[in-house]
Amino acid sequence: MIPLILTLAPLRGFTNALYRNLYSAHFQGIDSAISPFITTLSAKQVNRSHIRDILPENNHSMPVVPQIIGNDPAGFIQLATRFHDLGYKTVNWNLGCPAPMVANKHRGSGLLPHPERIAAFLDHVIPRISARLSIKTRIGRIKKEEIFDLIPIFNQYPIEELIIHPRTGIQMYSGEVDLTTFGECLPLSNIPVAYNGDILDYDSFVRLKERFKSVSRWLVGRGVLSNPFLPELLRYGKETIHQPVERFKKFHDDLFDAYRAELSGQSHLVDKMKSYWLYFFRAFENGESVFKKVKKVSTLKKYDEIVGRFLAEEATWHQG
Ligand SMILES: Cc1cc2nc3c(=O)[nH]c(=O)nc-3n(C[C@H](O)[C@H](O)[C@H](O)COP(=O)(O)O)c2cc1C
């Protein structure tokens with residue numbers, strides 16, 4: 001039987017160490033996580049605050065692969081070496097970020113139309129780092145065919161894993177995932193391929209598994225933020241989740257307390273929790289209406305009142 005390896009995808013602003021640790025305390029099913037990206041710093045020394053999210057003392061719950069974004073080989077080597085010194089055996093290179101501010105500077109997905117730059121980068125970096133390298137990519141920045149020029153390059157290096165999110169950079173996070181192109185990548189890659197994109201529920205995952213029978217590695221991102229039981233569901237099937245609202249409430253309350261301890265000022269805390277509700281609300285039958293109210297909240301008192309009442313009395317779970 002093909003093993004099932006579930007990795008928590010990096011979601012900057014959301015799946016940081018605080019979240020990862022709490023997640024593991026409340027839910028099961030995730031094998032490891034890739035951390036949200038850390039940017040290369042050319043010439044400057046890397047200090048602890050820059051890499052705080054992956055410091056071992058902040059990561060005690062699940063195996064983590066730190067992710068680096070950048071196109072500067074020297075900066076990459078510096079960060080990857082630091083991560084290796086901290087005990088990380090693998091680092092991940094972000095070739096997927098679609099944000100124009102990033103991609104226009106030829107970072108993230110902005111490098112994908114430049115296979116020669118990617119080859120030169122790998123040529124320089126791989127012999128100079130002790131950590132193994134994994135890559136997280138999209139199928140292109142502008143055109144989906146870009147990936148077909150890249151896979152033969154990746155194949156020439158000892159890359160541990162190739163994670164493919166089958167969208168182009170200019171698609172950002174919307175529009176369909178291109179499963180046909182993903183399927184075409186599989187026989188071309190000598191590197192183990194992981195699938196990432198829009199795994200939102202059990203049924204869609206079963207269809208993906210049926211279609212891509214050779215794939216054992218799956219990254220789940222927004223689906224987990226919305227429904228933290230998703231990895232349990234994907235692993236153990238549909239009927240396993242008991243008392244989801246109560247369990248979610250405990251997780252929510254711990255997340256709230258952890259951010260309260262970390263953030264200064266109530267508006268930062270309220271804004272942070274509101275940003276999570278952008279995903280949380282989707283897990284509830286009646287989530288839409290509470291989300292409309294949460295969006296307007298600006299004080300902790302009001303947040304507590306609306307979310308507290310919702311989770312204690314009104315919420316109906318809809319996924320699972
Ligand atoms: C808010 C947000 C932040 C993200 N941050 C990162 C990041 O730091 N590094 C990265 O490789 N991908 C990042 N992504 C992309 C996700 O890891 C993932 O590839 C994408 O959301 C598709 O998977 P999903 O449908 O399971 O979420 C981010 C996506 C979102 C929505």
# chains A, B, ... in the order shown; residues from 1 in each chain; ligands from 1
$ residues_near_ligand --ligand "ligand 1" --cutoff "8 Å" --atoms "only C-alpha atoms and all ligand atoms" --output "MDAnalysis selection string"
chainID A and resid 9:14 34:38 67 94:97 136:137 165 173 196:200 219:224
$ residues_around --residues "segment 281-294 of chain A" --least-positions-apart "4" --cutoff "8 Å" --atoms "only C-alpha atoms" --output "list in words"
Ser226, Asn227, Lys274, Trp277, Tyr303, Ile306, Val307, Phe310, Ala315, Thr316, Trp317, His318 and Gln319 of chain A
$ write_last_selection --atoms "C-alpha atoms" --output "PDB file, in the first residue's frame"
ATOM      1  CA  SER A 226     -10.544  26.134   7.808  1.00  0.00           C
ATOM      2  CA  ASN A 227     -11.029  22.652   9.107  1.00  0.00           C
ATOM      3  CA  LYS A 274     -10.012  38.236  12.535  1.00  0.00           C
ATOM      4  CA  TRP A 277     -11.703  33.807  10.774  1.00  0.00           C
ATOM      5  CA  TYR A 303     -14.768  39.885  19.723  1.00  0.00           C
ATOM      6  CA  ILE A 306     -19.549  37.509  19.247  1.00  0.00           C
ATOM      7  CA  VAL A 307     -17.128  34.602  18.937  1.00  0.00           C
ATOM      8  CA  PHE A 310     -21.112  31.649  18.492  1.00  0.00           C
ATOM      9  CA  ALA A 315     -22.084  27.037  15.817  1.00  0.00           C
ATOM     10  CA  THR A 316     -22.965  24.068  13.613  1.00  0.00           C
ATOM     11  CA  TRP A 317     -20.050  22.168  12.142  1.00  0.00           C
ATOM     12  CA  HIS A 318     -20.352  21.452   8.493  1.00  0.00           C
ATOM     13  CA  GLN A 319     -17.225  19.737   7.343  1.00  0.00           C
TER      14      GLN A 319
END
$ residues_around --residues "Leu233 of chain A" --least-positions-apart "2" --cutoff "10 Å" --atoms "only C-alpha atoms" --output "ChimeraX atom specification"
/A:28-29,201-202,205,227-231,235-241,319-320
$ write_last_selection --atoms "N, CA and C atoms" --output "PDB file, in the first residue's frame"
ATOM      1  N   GLN A  28      -4.634  15.664  15.153  1.00  0.00           N
ATOM      2  CA  GLN A  28      -3.696  14.632  14.687  1.00  0.00           C
ATOM      3  C   GLN A  28      -3.647  14.610  13.167  1.00  0.00           C
ATOM      4  N   GLY A  29      -2.743  13.793  12.670  1.00  0.00           N
ATOM      5  CA  GLY A  29      -2.794  13.472  11.244  1.00  0.00           C
ATOM      6  C   GLY A  29      -1.723  14.137  10.400  1.00  0.00           C
ATOM      7  N   ASP A 201     -11.508  18.662   1.269  1.00  0.00           N
ATOM      8  CA  ASP A 201     -12.373  17.713   1.961  1.00  0.00           C
ATOM      9  C   ASP A 201     -12.017  16.279   1.557  1.00  0.00           C
ATOM     10  N   TYR A 202     -12.643  15.362   2.227  1.00  0.00           N
ATOM     11  CA  TYR A 202     -12.322  13.944   2.051  1.00  0.00           C
ATOM     12  C   TYR A 202     -12.590  13.486   0.613  1.00  0.00           C
ATOM     13  N   PHE A 205     -10.120  14.647  -1.931  1.00  0.00           N
ATOM     14  CA  PHE A 205      -8.830  13.982  -1.727  1.00  0.00           C
ATOM     15  C   PHE A 205      -8.869  12.553  -2.286  1.00  0.00           C
ATOM     16  N   ASN A 227     -10.560  23.840   8.384  1.00  0.00           N
ATOM     17  CA  ASN A 227     -11.029  22.652   9.107  1.00  0.00           C
ATOM     18  C   ASN A 227      -9.824  21.907   9.668  1.00  0.00           C
ATOM     19  N   PRO A 228      -9.458  22.186  10.908  1.00  0.00           N
ATOM     20  CA  PRO A 228      -8.248  21.573  11.452  1.00  0.00           C
ATOM     21  C   PRO A 228      -8.333  20.057  11.612  1.00  0.00           C
ATOM     22  N   PHE A 229      -9.552  19.513  11.453  1.00  0.00           N
ATOM     23  CA  PHE A 229      -9.696  18.048  11.500  1.00  0.00           C
ATOM     24  C   PHE A 229      -9.372  17.402  10.162  1.00  0.00           C
ATOM     25  N   LEU A 230      -9.107  18.230   9.144  1.00  0.00           N
ATOM     26  CA  LEU A 230      -8.946  17.683   7.799  1.00  0.00           C
ATOM     27  C   LEU A 230      -7.917  16.548   7.722  1.00  0.00           C
ATOM     28  N   PRO A 231      -6.709  16.707   8.291  1.00  0.00           N
ATOM     29  CA  PRO A 231      -5.760  15.592   8.197  1.00  0.00           C
ATOM     30  C   PRO A 231      -6.288  14.304   8.840  1.00  0.00           C
ATOM     31  N   ARG A 235      -6.949  10.849   6.661  1.00  0.00           N
ATOM     32  CA  ARG A 235      -6.298   9.612   7.074  1.00  0.00           C
ATOM     33  C   ARG A 235      -7.270   8.518   7.467  1.00  0.00           C
ATOM     34  N   TYR A 236      -8.253   8.907   8.259  1.00  0.00           N
ATOM     35  CA  TYR A 236      -9.060   7.862   8.909  1.00  0.00           C
ATOM     36  C   TYR A 236     -10.490   7.776   8.378  1.00  0.00           C
ATOM     37  N   GLY A 237     -10.842   8.673   7.422  1.00  0.00           N
ATOM     38  CA  GLY A 237     -12.168   8.571   6.831  1.00  0.00           C
ATOM     39  C   GLY A 237     -13.169   9.481   7.491  1.00  0.00           C
ATOM     40  N   LYS A 238     -14.411   9.340   7.041  1.00  0.00           N
ATOM     41  CA  LYS A 238     -15.387  10.390   7.304  1.00  0.00           C
ATOM     42  C   LYS A 238     -15.993  10.415   8.699  1.00  0.00           C
ATOM     43  N   GLU A 239     -16.123   9.265   9.281  1.00  0.00           N
ATOM     44  CA  GLU A 239     -17.009   9.206  10.461  1.00  0.00           C
ATOM     45  C   GLU A 239     -16.258   9.317  11.788  1.00  0.00           C
ATOM     46  N   THR A 240     -15.093   9.889  11.770  1.00  0.00           N
ATOM     47  CA  THR A 240     -14.267   9.765  12.966  1.00  0.00           C
ATOM     48  C   THR A 240     -14.285  10.982  13.894  1.00  0.00           C
ATOM     49  N   ILE A 241     -14.819  12.081  13.459  1.00  0.00           N
ATOM     50  CA  ILE A 241     -14.672  13.318  14.235  1.00  0.00           C
ATOM     51  C   ILE A 241     -15.859  13.505  15.183  1.00  0.00           C
ATOM     52  N   GLN A 319     -18.106  20.655   8.047  1.00  0.00           N
ATOM     53  CA  GLN A 319     -17.225  19.737   7.343  1.00  0.00           C
ATOM     54  C   GLN A 319     -16.989  18.509   8.202  1.00  0.00           C
ATOM     55  N   GLY A 320     -16.847  17.420   7.546  1.00  0.00           N
ATOM     56  CA  GLY A 320     -16.520  16.195   8.261  1.00  0.00           C
ATOM     57  C   GLY A 320     -17.712  15.319   8.473  1.00  0.00           C
TER      58      GLY A 320
END
$ closest_atom_pairs --of "segment 117-176 of chain A" --to "segment 210-215 of chain A" --cutoff "12 Å" --atoms "only C-alpha atoms" --output "tab-separated table"
residue	atom	partner	partner_atom	distance
A:Glu161	CA	A:Val215	CA	11.7
A:Leu162	CA	A:Val215	CA	11.5
A:Ile163	CA	A:Val215	CA	10.9
A:Ile164	CA	A:Val215	CA	11.5
$ select_by_dssp --residues "segment 1-131 of chain A" --states "strand (DSSP E)" --output "list in words"
Ile5, Leu6, Thr7, Leu8, Ser32, Ala33, Ile34, Ile38, Thr39, Val64, Val65, Gln67, Ile68, Ile69, Thr90, Val91, Asn92, Trp93, Asn94 and Leu95 of chain A
$ write_last_selection --atoms "C-alpha atoms" --output "short mmCIF file (atom, residue, chain, number, x, y, z; two decimals), in the first residue's frame"
data_model
loop_
_atom_site.label_atom_id
_atom_site.label_comp_id
_atom_site.auth_asym_id
_atom_site.auth_seq_id
_atom_site.Cartn_x
_atom_site.Cartn_y
_atom_site.Cartn_z
CA ILE A 5 2.48 11.54 4.06
CA LEU A 6 0.65 14.70 5.03
CA THR A 7 2.57 17.96 5.36
CA LEU A 8 1.21 21.23 6.65
CA SER A 32 5.46 17.54 9.42
CA ALA A 33 5.30 21.17 8.35
CA ILE A 34 7.15 23.51 6.05
CA ILE A 38 12.23 33.41 5.63
CA THR A 39 13.96 35.83 3.26
CA VAL A 64 9.67 21.26 10.48
CA VAL A 65 11.44 22.01 7.23
CA GLN A 67 11.65 27.51 3.96
CA ILE A 68 13.87 30.11 2.33
CA ILE A 69 12.87 32.60 -0.36
CA THR A 90 16.45 19.69 5.01
CA VAL A 91 15.63 23.22 3.84
CA ASN A 92 13.01 24.17 1.30
CA TRP A 93 13.41 26.70 -1.52
CA ASN A 94 10.32 28.73 -2.33
CA LEU A 95 9.76 28.92 -6.09
#
